[in-house]
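Data file: model_2.pdb. Format and content: PDB, C-alpha atoms, pLDDT in the B column.
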```
ATOM      1  CA  MET F  26    -145.620  -9.043  39.382  1.00 76.00           C
ATOM      2  CA  LEU F  27    -148.531  -8.282  41.723  1.00 84.00           C
ATOM      3  CA  ILE F  28    -148.132 -11.600  43.555  1.00 85.00           C
ATOM      4  CA  ALA F  29    -144.511 -10.659  44.249  1.00 89.00           C
ATOM      5  CA  LEU F  30    -145.639  -7.281  45.588  1.00 88.00           C
ATOM      6  CA  ILE F  31    -148.165  -8.998  47.864  1.00 86.00           C
ATOM      7  CA  VAL F  32    -145.390 -11.224  49.207  1.00 89.00           C
ATOM      8  CA  VAL F  33    -143.103  -8.214  49.704  1.00 92.00           C
ATOM      9  CA  CYS F  34    -145.868  -6.275  51.485  1.00 89.00           C
ATOM     10  CA  GLU F  35    -146.716  -9.281  53.685  1.00 86.00           C
ATOM     11  CA  ILE F  36    -143.062  -9.700  54.641  1.00 93.00           C
ATOM     12  CA  GLY F  37    -142.854  -5.932  55.126  1.00 93.00           C
ATOM     13  CA  PHE F  38    -145.860  -6.106  57.460  1.00 90.00           C
ATOM     14  CA  TRP F  39    -144.081  -8.539  59.770  1.00 91.00           C
ATOM     15  CA  VAL F  40    -140.745  -6.725  59.477  1.00 95.00           C
ATOM     16  CA  MET F  41    -142.295  -3.341  60.376  1.00 94.00           C
ATOM     17  CA  LEU F  42    -144.208  -4.914  63.258  1.00 93.00           C
ATOM     18  CA  ALA F  43    -141.099  -6.642  64.602  1.00 94.00           C
ATOM     19  CA  LEU F  44    -138.949  -3.528  64.119  1.00 95.00           C
ATOM     20  CA  GLY F  45    -141.559  -1.411  65.871  1.00 94.00           C
ATOM     21  CA  MET F  46    -141.564  -3.694  68.904  1.00 94.00           C
ATOM     22  CA  LEU F  47    -137.790  -4.162  68.900  1.00 94.00           C
ATOM     23  CA  VAL F  48    -137.085  -0.442  68.703  1.00 95.00           C
ATOM     24  CA  ARG F  49    -139.753   0.446  71.285  1.00 93.00           C
ATOM     25  CA  TYR F  50    -138.910  -2.115  73.945  1.00 92.00           C
ATOM     26  CA  LEU F  51    -135.388  -3.388  73.433  1.00 92.00           C
ATOM     27  CA  LEU F  52    -133.766  -0.175  72.188  1.00 94.00           C
ATOM     28  CA  HIS F  53    -136.062   2.061  74.299  1.00 94.00           C
ATOM     29  CA  MET F  54    -136.948   4.412  71.439  1.00 95.00           C
ATOM     30  CA  PRO F  55    -140.753   4.569  71.561  1.00 93.00           C
ATOM     31  CA  ARG F  56    -141.218   7.357  68.992  1.00 95.00           C
ATOM     32  CA  LEU F  57    -139.135   5.618  66.358  1.00 96.00           C
ATOM     33  CA  GLY F  58    -140.970   2.390  67.151  1.00 94.00           C
ATOM     34  CA  THR F  59    -144.273   4.171  66.591  1.00 93.00           C
ATOM     35  CA  LEU F  60    -143.007   5.334  63.194  1.00 94.00           C
ATOM     36  CA  PHE F  61    -142.352   1.720  62.175  1.00 94.00           C
ATOM     37  CA  LEU F  62    -145.806   0.695  63.417  1.00 91.00           C
ATOM     38  CA  LEU F  63    -147.437   3.464  61.376  1.00 90.00           C
ATOM     39  CA  CYS F  64    -145.854   1.948  58.264  1.00 91.00           C
ATOM     40  CA  VAL F  65    -147.880  -1.256  58.672  1.00 88.00           C
ATOM     41  CA  PRO F  66    -151.172   0.077  57.204  1.00 88.00           C
ATOM     42  CA  LEU F  67    -149.193   2.168  54.729  1.00 91.00           C
ATOM     43  CA  LEU F  68    -147.951  -1.061  53.139  1.00 92.00           C
ATOM     44  CA  ASP F  69    -151.552  -2.159  52.520  1.00 91.00           C
ATOM     45  CA  PHE F  70    -152.318   1.198  50.923  1.00 92.00           C
ATOM     46  CA  ILE F  71    -149.257   0.919  48.665  1.00 92.00           C
ATOM     47  CA  LEU F  72    -150.372  -2.576  47.654  1.00 92.00           C
ATOM     48  CA  PHE F  73    -153.864  -1.332  46.790  1.00 93.00           C
ATOM     49  CA  VAL F  74    -152.518   1.568  44.727  1.00 91.00           C
ATOM     50  CA  ALA F  75    -150.162  -0.780  42.871  1.00 91.00           C
ATOM     51  CA  ALA F  76    -153.034  -3.190  42.153  1.00 92.00           C
ATOM     52  CA  SER F  77    -155.193  -0.318  40.875  1.00 90.00           C
ATOM     53  CA  VAL F  78    -152.406   0.939  38.604  1.00 90.00           C
ATOM     54  CA  ASP F  79    -151.842  -2.608  37.342  1.00 91.00           C
ATOM     55  CA  LEU F  80    -155.531  -2.865  36.458  1.00 91.00           C
ATOM     56  CA  HIS F  81    -155.550   0.566  34.856  1.00 88.00           C
ATOM     57  CA  LYS F  82    -152.625  -0.431  32.646  1.00 90.00           C
ATOM     58  CA  GLY F  83    -154.733  -3.247  31.208  1.00 91.00           C
ATOM     59  CA  ALA F  84    -154.243  -6.259  33.461  1.00 91.00           C
ATOM     60  CA  GLU F  85    -157.270  -8.456  33.976  1.00 92.00           C
ATOM     61  CA  ALA F  86    -158.339  -8.569  37.618  1.00 93.00           C
ATOM     62  CA  GLU F  87    -157.223 -11.610  39.582  1.00 94.00           C
ATOM     63  CA  LEU F  88    -157.665 -12.677  43.176  1.00 93.00           C
ATOM     64  CA  ALA F  89    -154.478 -10.771  44.024  1.00 92.00           C
ATOM     65  CA  HIS F  90    -156.140  -7.508  42.965  1.00 94.00           C
ATOM     66  CA  ALA F  91    -159.162  -8.247  45.152  1.00 96.00           C
ATOM     67  CA  LEU F  92    -156.909  -9.191  48.079  1.00 93.00           C
ATOM     68  CA  SER F  93    -155.313  -5.759  47.971  1.00 94.00           C
ATOM     69  CA  GLY F  94    -158.694  -4.150  48.713  1.00 95.00           C
ATOM     70  CA  ILE F  95    -159.529  -6.746  51.359  1.00 95.00           C
ATOM     71  CA  TYR F  96    -156.180  -6.235  53.122  1.00 93.00           C
ATOM     72  CA  LEU F  97    -156.680  -2.485  53.132  1.00 94.00           C
ATOM     73  CA  GLY F  98    -160.227  -2.689  54.517  1.00 96.00           C
ATOM     74  CA  LEU F  99    -159.166  -5.069  57.276  1.00 95.00           C
ATOM     75  CA  SER F 100    -156.059  -3.044  58.067  1.00 93.00           C
ATOM     76  CA  LEU F 101    -158.000   0.196  58.421  1.00 94.00           C
ATOM     77  CA  VAL F 102    -160.558  -1.328  60.803  1.00 96.00           C
ATOM     78  CA  TYR F 103    -158.635  -3.987  62.728  1.00 95.00           C
ATOM     79  CA  GLY F 104    -155.068  -2.732  62.368  1.00 92.00           C
ATOM     80  CA  HIS F 105    -155.073  -0.284  65.260  1.00 92.00           C
ATOM     81  CA  SER F 106    -156.585  -2.668  67.811  1.00 94.00           C
ATOM     82  CA  GLY F 107    -154.388  -5.548  66.644  1.00 92.00           C
ATOM     83  CA  ILE F 108    -151.205  -3.531  66.842  1.00 93.00           C
ATOM     84  CA  ARG F 109    -152.285  -2.105  70.206  1.00 93.00           C
ATOM     85  CA  TRP F 110    -152.752  -5.661  71.562  1.00 93.00           C
ATOM     86  CA  ILE F 111    -149.325  -6.718  70.249  1.00 92.00           C
ATOM     87  CA  ASP F 112    -147.804  -3.544  71.688  1.00 92.00           C
ATOM     88  CA  ASN F 113    -149.387  -4.232  75.087  1.00 94.00           C
ATOM     89  CA  TYR F 114    -148.119  -7.803  74.963  1.00 94.00           C
ATOM     90  CA  ALA F 115    -144.590  -6.631  74.118  1.00 92.00           C
ATOM     91  CA  ALA F 116    -144.781  -4.098  76.981  1.00 92.00           C
ATOM     92  CA  TYR F 117    -145.837  -6.916  79.312  1.00 95.00           C
ATOM     93  CA  ARG F 118    -143.170  -9.308  78.064  1.00 93.00           C
ATOM     94  CA  PHE F 119    -140.217  -6.923  77.743  1.00 89.00           C
ATOM     95  CA  ALA F 120    -140.955  -3.798  79.792  1.00 90.00           C
ATOM     96  CA  GLY F 121    -142.767  -4.938  82.923  1.00 93.00           C
ATOM     97  CA  GLY F 122    -146.204  -3.829  81.729  1.00 94.00           C
ATOM     98  CA  THR F 123    -149.461  -5.434  82.729  1.00 95.00           C
ATOM     99  CA  LYS F 124    -150.670  -8.544  80.928  1.00 94.00           C
ATOM    100  CA  PRO F 125    -152.945  -7.568  78.012  1.00 94.00           C
ATOM    101  CA  LEU F 126    -156.612  -8.350  78.275  1.00 91.00           C
ATOM    102  CA  THR F 127    -157.964 -11.315  76.378  1.00 93.00           C
ATOM    103  CA  PRO F 128    -161.535 -11.674  75.137  1.00 93.00           C
ATOM    104  CA  PRO F 129    -163.947 -13.071  77.716  1.00 93.00           C
ATOM    105  CA  LYS F 130    -164.436 -16.814  77.347  1.00 90.00           C
ATOM    106  CA  HIS F 131    -168.114 -17.103  78.259  1.00 89.00           C
ATOM    107  CA  GLY F 132    -171.296 -15.305  79.186  1.00 91.00           C
ATOM    108  CA  ARG F 133    -172.731 -11.936  78.404  1.00 93.00           C
ATOM    109  CA  LEU F 134    -169.336 -10.234  78.015  1.00 94.00           C
ATOM    110  CA  ARG F 135    -168.292 -12.776  75.354  1.00 94.00           C
ATOM    111  CA  THR F 136    -171.574 -12.214  73.518  1.00 95.00           C
ATOM    112  CA  ILE F 137    -171.041  -8.439  73.545  1.00 96.00           C
ATOM    113  CA  TYR F 138    -167.467  -8.943  72.356  1.00 96.00           C
ATOM    114  CA  GLU F 139    -168.625 -11.097  69.417  1.00 97.00           C
ATOM    115  CA  TRP F 140    -171.261  -8.550  68.377  1.00 98.00           C
ATOM    116  CA  LYS F 141    -168.691  -5.729  68.500  1.00 98.00           C
ATOM    117  CA  GLN F 142    -166.247  -7.736  66.404  1.00 98.00           C
ATOM    118  CA  TRP F 143    -168.958  -8.472  63.848  1.00 98.00           C
ATOM    119  CA  LEU F 144    -169.923  -4.799  63.648  1.00 98.00           C
ATOM    120  CA  LYS F 145    -166.267  -3.924  63.089  1.00 98.00           C
ATOM    121  CA  GLY F 146    -166.276  -6.612  60.408  1.00 98.00           C
ATOM    122  CA  CYS F 147    -169.256  -4.909  58.771  1.00 98.00           C
ATOM    123  CA  LEU F 148    -167.292  -1.680  58.695  1.00 98.00           C
ATOM    124  CA  ALA F 149    -164.250  -3.467  57.214  1.00 98.00           C
ATOM    125  CA  ALA F 150    -166.497  -5.159  54.648  1.00 98.00           C
ATOM    126  CA  SER F 151    -168.028  -1.825  53.674  1.00 98.00           C
ATOM    127  CA  ILE F 152    -164.624  -0.182  53.291  1.00 97.00           C
ATOM    128  CA  THR F 153    -163.396  -3.172  51.290  1.00 98.00           C
ATOM    129  CA  ALA F 154    -166.428  -2.979  48.994  1.00 98.00           C
ATOM    130  CA  ILE F 155    -165.825   0.736  48.444  1.00 97.00           C
ATOM    131  CA  PHE F 156    -162.171   0.149  47.554  1.00 96.00           C
ATOM    132  CA  LEU F 157    -162.993  -2.764  45.244  1.00 96.00           C
ATOM    133  CA  TYR F 158    -165.746  -0.807  43.541  1.00 96.00           C
ATOM    134  CA  SER F 159    -163.420   2.160  43.131  1.00 94.00           C
ATOM    135  CA  GLY F 160    -161.086  -0.245  41.319  1.00 92.00           C
ATOM    136  CA  VAL F 161    -163.944  -1.254  39.022  1.00 94.00           C
ATOM    137  CA  LEU F 162    -164.712   2.403  38.280  1.00 94.00           C
ATOM    138  CA  PHE F 163    -161.033   3.276  37.851  1.00 91.00           C
ATOM    139  CA  VAL F 164    -160.590   0.609  35.171  1.00 91.00           C
ATOM    140  CA  GLY F 165    -163.986   1.179  33.558  1.00 91.00           C
ATOM    141  CA  GLN F 166    -164.064  -2.201  31.805  1.00 91.00           C
ATOM    142  CA  ALA F 167    -166.458  -4.735  33.332  1.00 91.00           C
ATOM    143  CA  ASP F 168    -164.907  -7.626  31.422  1.00 92.00           C
ATOM    144  CA  LYS F 169    -161.546  -6.991  33.105  1.00 93.00           C
ATOM    145  CA  THR F 170    -162.861  -6.442  36.630  1.00 95.00           C
ATOM    146  CA  HIS F 171    -165.323  -9.303  37.132  1.00 95.00           C
ATOM    147  CA  VAL F 172    -163.113 -10.756  39.891  1.00 96.00           C
ATOM    148  CA  LEU F 173    -163.529  -7.511  41.831  1.00 97.00           C
ATOM    149  CA  THR F 174    -167.316  -7.469  41.370  1.00 97.00           C
ATOM    150  CA  ASP F 175    -167.484 -11.170  42.283  1.00 97.00           C
ATOM    151  CA  SER F 176    -165.529 -10.374  45.453  1.00 98.00           C
ATOM    152  CA  ILE F 177    -167.942  -7.562  46.295  1.00 98.00           C
ATOM    153  CA  SER F 178    -170.855  -9.979  45.769  1.00 98.00           C
ATOM    154  CA  ALA F 179    -169.275 -12.470  48.188  1.00 98.00           C
ATOM    155  CA  ILE F 180    -169.007  -9.961  51.038  1.00 98.00           C
ATOM    156  CA  PRO F 181    -172.654 -10.235  52.237  1.00 98.00           C
ATOM    157  CA  TRP F 182    -172.351 -14.028  52.287  1.00 98.00           C
ATOM    158  CA  VAL F 183    -169.172 -13.902  54.339  1.00 98.00           C
ATOM    159  CA  MET F 184    -170.747 -11.450  56.778  1.00 98.00           C
ATOM    160  CA  ALA F 185    -173.919 -13.567  57.052  1.00 98.00           C
ATOM    161  CA  GLY F 186    -171.833 -16.636  57.867  1.00 98.00           C
ATOM    162  CA  TRP F 187    -169.880 -14.694  60.465  1.00 98.00           C
ATOM    163  CA  LEU F 188    -173.137 -13.388  61.944  1.00 98.00           C
ATOM    164  CA  ILE F 189    -174.642 -16.845  62.312  1.00 97.00           C
ATOM    165  CA  PHE F 190    -171.587 -18.717  63.542  1.00 96.00           C
ATOM    166  CA  TRP F 191    -170.345 -16.171  66.082  1.00 96.00           C
ATOM    167  CA  PRO F 192    -172.604 -13.395  67.429  1.00 97.00           C
ATOM    168  CA  VAL F 193    -175.896 -15.256  66.978  1.00 96.00           C
ATOM    169  CA  TRP F 194    -174.371 -18.511  68.247  1.00 95.00           C
ATOM    170  CA  TYR F 195    -173.004 -16.808  71.384  1.00 94.00           C
ATOM    171  CA  THR F 196    -176.316 -15.002  71.923  1.00 94.00           C
ATOM    172  CA  ILE F 197    -178.254 -18.295  71.785  1.00 93.00           C
ATOM    173  CA  ARG F 198    -175.673 -20.105  73.848  1.00 88.00           C
ATOM    174  CA  GLU F 199    -175.697 -17.378  76.499  1.00 80.00           C
ATOM    175  CA  GLU F 200    -179.462 -17.715  76.935  1.00 66.00           C
ATOM    176  CA  THR F 201    -179.347 -21.525  77.167  1.00 65.00           C
ATOM    177  CA  GLY F 202    -176.158 -21.738  79.190  1.00 61.00           C
ATOM    178  CA  PRO F 203    -172.877 -23.561  78.453  1.00 59.00           C
TER     179      PRO F 203
END
```
Could I get this structure in the form of structure tokens?
Amino acid sequence: MLIALIVVCEIGFWVMLALGMLVRYLLHMPRLGTLFLLCVPLLDFILFVAASVDLHKGAEAELAHALSGIYLGLSLVYGHSGIRWIDNYAAYRFAGGTKPLTPPKHGRLRTIYEWKQWLKGCLAASITAIFLYSGVLFVGQADKTHVLTDSISAIPWVMAGWLIFWPVWYTIREETGP
């Protein structure tokens, strides 16, 4: 049941994104297009609520339940900038707008970019942990929510790996040159 909802929400994500761009740039209805784009994070919220209700009704937590919290955390932090980039690209491609900026490839600006992305990742990780822990509290049965607590425990490891392989790597590489 929950896997099917994840699939529906994932398909809905792409449908809302495509409809938003289509309506904005091909049908020239920017306000309606914005409405479709606002539905993108709403789908992640609906998925999280459905996963929480599923757990509350007695289901044992699975990876799908944890993914609902992860999707929501990422959507809240990265959703706006991602959709803005796609919107700028669609404006460039279909409405004569300027080409969207891409991340710098090298040097100090790339290093700053990587640190900013990692800090945003820390925010997304924190939000994800809060949502997952709220699921644990909502259910109130540790034996049924161990997947959620295991996912929370993995977050610092994921963030440490990201820290080492991107911001720290670019910082070291910047100082030593390409």
List the residues selected by the PyMOL selection byres ((chain F and resi 133) around 12) in the file shown, writing them as a PyMOL selection string. chain F and resi 128-132+134-140+192+195-203
Keeping only C-alpha atoms, write the selected residues to a file as a short mmCIF file (atom, residue, chain, number, x, y, z; two decimals), keeping the file's coordinate frame.
```cif
data_model
loop_
_atom_site.label_atom_id
_atom_site.label_comp_id
_atom_site.auth_asym_id
_atom_site.auth_seq_id
_atom_site.Cartn_x
_atom_site.Cartn_y
_atom_site.Cartn_z
CA PRO F 128 -161.54 -11.67 75.14
CA PRO F 129 -163.95 -13.07 77.72
CA LYS F 130 -164.44 -16.81 77.35
CA HIS F 131 -168.11 -17.10 78.26
CA GLY F 132 -171.30 -15.30 79.19
CA LEU F 134 -169.34 -10.23 78.02
CA ARG F 135 -168.29 -12.78 75.35
CA THR F 136 -171.57 -12.21 73.52
CA ILE F 137 -171.04 -8.44 73.54
CA TYR F 138 -167.47 -8.94 72.36
CA GLU F 139 -168.62 -11.10 69.42
CA TRP F 140 -171.26 -8.55 68.38
CA PRO F 192 -172.60 -13.40 67.43
CA TYR F 195 -173.00 -16.81 71.38
CA THR F 196 -176.32 -15.00 71.92
CA ILE F 197 -178.25 -18.30 71.78
CA ARG F 198 -175.67 -20.10 73.85
CA GLU F 199 -175.70 -17.38 76.50
CA GLU F 200 -179.46 -17.72 76.94
CA THR F 201 -179.35 -21.52 77.17
CA GLY F 202 -176.16 -21.74 79.19
CA PRO F 203 -172.88 -23.56 78.45
#
```
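For the set F:Ile36, F:Phe156, F:Asp112, F:Ile189, the residue with the smallest atom-to-atom gap to His90 in chain F is F:Phe156, counting all atoms listed in the file.
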Write out as an mmCIF file with C-alpha atoms, keeping the file's coordinate frame which residues come within 12 Å of Ala154 in chain F when counting all atoms listed in the file, dropping same-chain ones fewer than 2 positions away.
```cif
data_model
loop_
_atom_site.group_PDB
_atom_site.id
_atom_site.type_symbol
_atom_site.label_atom_id
_atom_site.label_comp_id
_atom_site.auth_asym_id
_atom_site.auth_seq_id
_atom_site.Cartn_x
_atom_site.Cartn_y
_atom_site.Cartn_z
ATOM 1 C CA ALA F 91 -159.162 -8.247 45.152
ATOM 2 C CA LEU F 92 -156.909 -9.191 48.079
ATOM 3 C CA SER F 93 -155.313 -5.759 47.971
ATOM 4 C CA GLY F 94 -158.694 -4.150 48.713
ATOM 5 C CA ILE F 95 -159.529 -6.746 51.359
ATOM 6 C CA TYR F 96 -156.180 -6.235 53.122
ATOM 7 C CA LEU F 97 -156.680 -2.485 53.132
ATOM 8 C CA GLY F 98 -160.227 -2.689 54.517
ATOM 9 C CA LEU F 99 -159.166 -5.069 57.276
ATOM 10 C CA GLY F 146 -166.276 -6.612 60.408
ATOM 11 C CA CYS F 147 -169.256 -4.909 58.771
ATOM 12 C CA LEU F 148 -167.292 -1.680 58.695
ATOM 13 C CA ALA F 149 -164.250 -3.467 57.214
ATOM 14 C CA ALA F 150 -166.497 -5.159 54.648
ATOM 15 C CA SER F 151 -168.028 -1.825 53.674
ATOM 16 C CA ILE F 152 -164.624 -0.182 53.291
ATOM 17 C CA PHE F 156 -162.171 0.149 47.554
ATOM 18 C CA LEU F 157 -162.993 -2.764 45.244
ATOM 19 C CA TYR F 158 -165.746 -0.807 43.541
ATOM 20 C CA SER F 159 -163.420 2.160 43.131
ATOM 21 C CA GLY F 160 -161.086 -0.245 41.319
ATOM 22 C CA VAL F 161 -163.944 -1.254 39.022
ATOM 23 C CA LEU F 173 -163.529 -7.511 41.831
ATOM 24 C CA THR F 174 -167.316 -7.469 41.370
ATOM 25 C CA ASP F 175 -167.484 -11.170 42.283
ATOM 26 C CA SER F 176 -165.529 -10.374 45.453
ATOM 27 C CA ILE F 177 -167.942 -7.562 46.295
ATOM 28 C CA SER F 178 -170.855 -9.979 45.769
ATOM 29 C CA ALA F 179 -169.275 -12.470 48.188
ATOM 30 C CA ILE F 180 -169.007 -9.961 51.038
ATOM 31 C CA PRO F 181 -172.654 -10.235 52.237
#
```
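Considering only C-alpha atoms, the residue among F:Ala120, F:Ala75, F:Met184, F:Val48 positioned nearest to Leu27 in chain F is F:Ala75.
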Report the residues retrieved by the PyMOL selection byres ((chain F and resi 62-66) around 7) from the displayed file, expressed as JSON, numbers by chain. {"F": [38, 41, 42, 45, 58, 59, 60, 61, 67, 68, 69, 70, 100, 101]}
Starting from the displayed file, determine the output of the PyMOL selection byres ((chain F and resi 28) around 10) and express the residue list as a count of residues only. 13
Looking at F:Tyr50, F:Trp39, F:Trp187, F:Trp194, which one is nearest to Tyr117 in chain F, with distances taken over all atoms listed in the file? F:Tyr50
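Considering the residues F:Gly107, F:Gly186, F:Gly165, F:Pro125 and counting all atoms listed in the file, Ser77 in chain F has its shortest atom-to-atom contact with F:Gly165.
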Straight-line distance linking CA of Ala115 in chain F with CA of Leu44 in chain F, stated in Å to one decimal: 11.9 Å
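In this model, the gap between CA of Lys169 in chain F and CA of Ala86 in chain F comes to 5.8 Å.
The residue that comes closest to Arg118 in chain F, out of F:Val193, F:Val183, F:Leu51, F:Leu57 and on the basis of all atoms listed in the file, is F:Leu51.
When all atoms listed in the file are used to measure the gap to Thr170 in chain F, the shortest distance among F:Glu85, F:Trp143, F:Val74, F:Met46 belongs to F:Glu85.
Going from CA of Val102 in chain F over to CA of Thr153 in chain F, you cover 10.1 Å.
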Listed atoms of range 168-184 of chain F boxed along x, y and z, 6 Å each side, centre and edge lengths in Å, one decimal, as lines of an AutoDock Vina configuration file:
```
center_x = -167.1
center_y = -10.2
center_z = 44.1
size_x = 23.1
size_y = 19.6
size_z = 37.4
```
Using the structure just given, write a file holding N, CA and C atoms for range 118-137 of chain F, as a PDB file, in the first residue's frame.
```pdb
ATOM      1  N   ARG F 118      14.640  28.177 -22.341  1.00  0.00           N
ATOM      2  CA  ARG F 118      14.391  27.287 -23.467  1.00  0.00           C
ATOM      3  C   ARG F 118      13.139  27.675 -24.261  1.00  0.00           C
ATOM      4  N   PHE F 119      12.088  28.120 -23.553  1.00  0.00           N
ATOM      5  CA  PHE F 119      10.802  28.326 -24.213  1.00  0.00           C
ATOM      6  C   PHE F 119      10.316  29.780 -24.250  1.00  0.00           C
ATOM      7  N   ALA F 120      10.951  30.670 -23.482  1.00  0.00           N
ATOM      8  CA  ALA F 120      10.420  32.029 -23.406  1.00  0.00           C
ATOM      9  C   ALA F 120      11.488  33.097 -23.605  1.00  0.00           C
ATOM     10  N   GLY F 121      12.623  32.729 -24.148  1.00  0.00           N
ATOM     11  CA  GLY F 121      13.653  33.719 -24.442  1.00  0.00           C
ATOM     12  C   GLY F 121      14.366  34.284 -23.221  1.00  0.00           C
ATOM     13  N   GLY F 122      14.300  33.590 -22.110  1.00  0.00           N
ATOM     14  CA  GLY F 122      14.995  34.047 -20.898  1.00  0.00           C
ATOM     15  C   GLY F 122      16.490  33.808 -20.996  1.00  0.00           C
ATOM     16  N   THR F 123      17.193  34.268 -19.987  1.00  0.00           N
ATOM     17  CA  THR F 123      18.644  34.068 -19.963  1.00  0.00           C
ATOM     18  C   THR F 123      18.952  32.652 -19.495  1.00  0.00           C
ATOM     19  N   LYS F 124      20.099  32.139 -19.935  1.00  0.00           N
ATOM     20  CA  LYS F 124      20.514  30.794 -19.563  1.00  0.00           C
ATOM     21  C   LYS F 124      20.749  30.745 -18.051  1.00  0.00           C
ATOM     22  N   PRO F 125      20.208  29.718 -17.372  1.00  0.00           N
ATOM     23  CA  PRO F 125      20.389  29.650 -15.915  1.00  0.00           C
ATOM     24  C   PRO F 125      21.852  29.422 -15.545  1.00  0.00           C
ATOM     25  N   LEU F 126      22.199  29.925 -14.390  1.00  0.00           N
ATOM     26  CA  LEU F 126      23.562  29.756 -13.905  1.00  0.00           C
ATOM     27  C   LEU F 126      23.799  28.308 -13.515  1.00  0.00           C
ATOM     28  N   THR F 127      25.008  27.857 -13.735  1.00  0.00           N
ATOM     29  CA  THR F 127      25.414  26.530 -13.286  1.00  0.00           C
ATOM     30  C   THR F 127      26.467  26.707 -12.199  1.00  0.00           C
ATOM     31  N   PRO F 128      26.646  25.698 -11.356  1.00  0.00           N
ATOM     32  CA  PRO F 128      27.659  25.835 -10.303  1.00  0.00           C
ATOM     33  C   PRO F 128      29.037  26.055 -10.910  1.00  0.00           C
ATOM     34  N   PRO F 129      29.875  26.835 -10.236  1.00  0.00           N
ATOM     35  CA  PRO F 129      31.238  27.027 -10.737  1.00  0.00           C
ATOM     36  C   PRO F 129      31.961  25.679 -10.804  1.00  0.00           C
ATOM     37  N   LYS F 130      32.845  25.535 -11.757  1.00  0.00           N
ATOM     38  CA  LYS F 130      33.541  24.259 -11.927  1.00  0.00           C
ATOM     39  C   LYS F 130      34.776  24.137 -11.043  1.00  0.00           C
ATOM     40  N   HIS F 131      35.441  25.239 -10.762  1.00  0.00           N
ATOM     41  CA  HIS F 131      36.714  25.171 -10.044  1.00  0.00           C
ATOM     42  C   HIS F 131      36.862  26.367  -9.102  1.00  0.00           C
ATOM     43  N   GLY F 132      37.927  26.310  -8.319  1.00  0.00           N
ATOM     44  CA  GLY F 132      38.365  27.461  -7.545  1.00  0.00           C
ATOM     45  C   GLY F 132      37.541  27.754  -6.305  1.00  0.00           C
ATOM     46  N   ARG F 133      37.779  28.948  -5.816  1.00  0.00           N
ATOM     47  CA  ARG F 133      37.174  29.384  -4.561  1.00  0.00           C
ATOM     48  C   ARG F 133      35.645  29.387  -4.624  1.00  0.00           C
ATOM     49  N   LEU F 134      35.079  29.819  -5.755  1.00  0.00           N
ATOM     50  CA  LEU F 134      33.625  29.851  -5.889  1.00  0.00           C
ATOM     51  C   LEU F 134      33.017  28.451  -5.815  1.00  0.00           C
ATOM     52  N   ARG F 135      33.705  27.453  -6.385  1.00  0.00           N
ATOM     53  CA  ARG F 135      33.207  26.071  -6.292  1.00  0.00           C
ATOM     54  C   ARG F 135      33.271  25.585  -4.840  1.00  0.00           C
ATOM     55  N   THR F 136      34.338  25.935  -4.151  1.00  0.00           N
ATOM     56  CA  THR F 136      34.481  25.543  -2.749  1.00  0.00           C
ATOM     57  C   THR F 136      33.355  26.143  -1.910  1.00  0.00           C
ATOM     58  N   ILE F 137      33.074  27.416  -2.108  1.00  0.00           N
ATOM     59  CA  ILE F 137      31.987  28.083  -1.383  1.00  0.00           C
ATOM     60  C   ILE F 137      30.649  27.419  -1.715  1.00  0.00           C
TER      61      ILE F 137
END
```
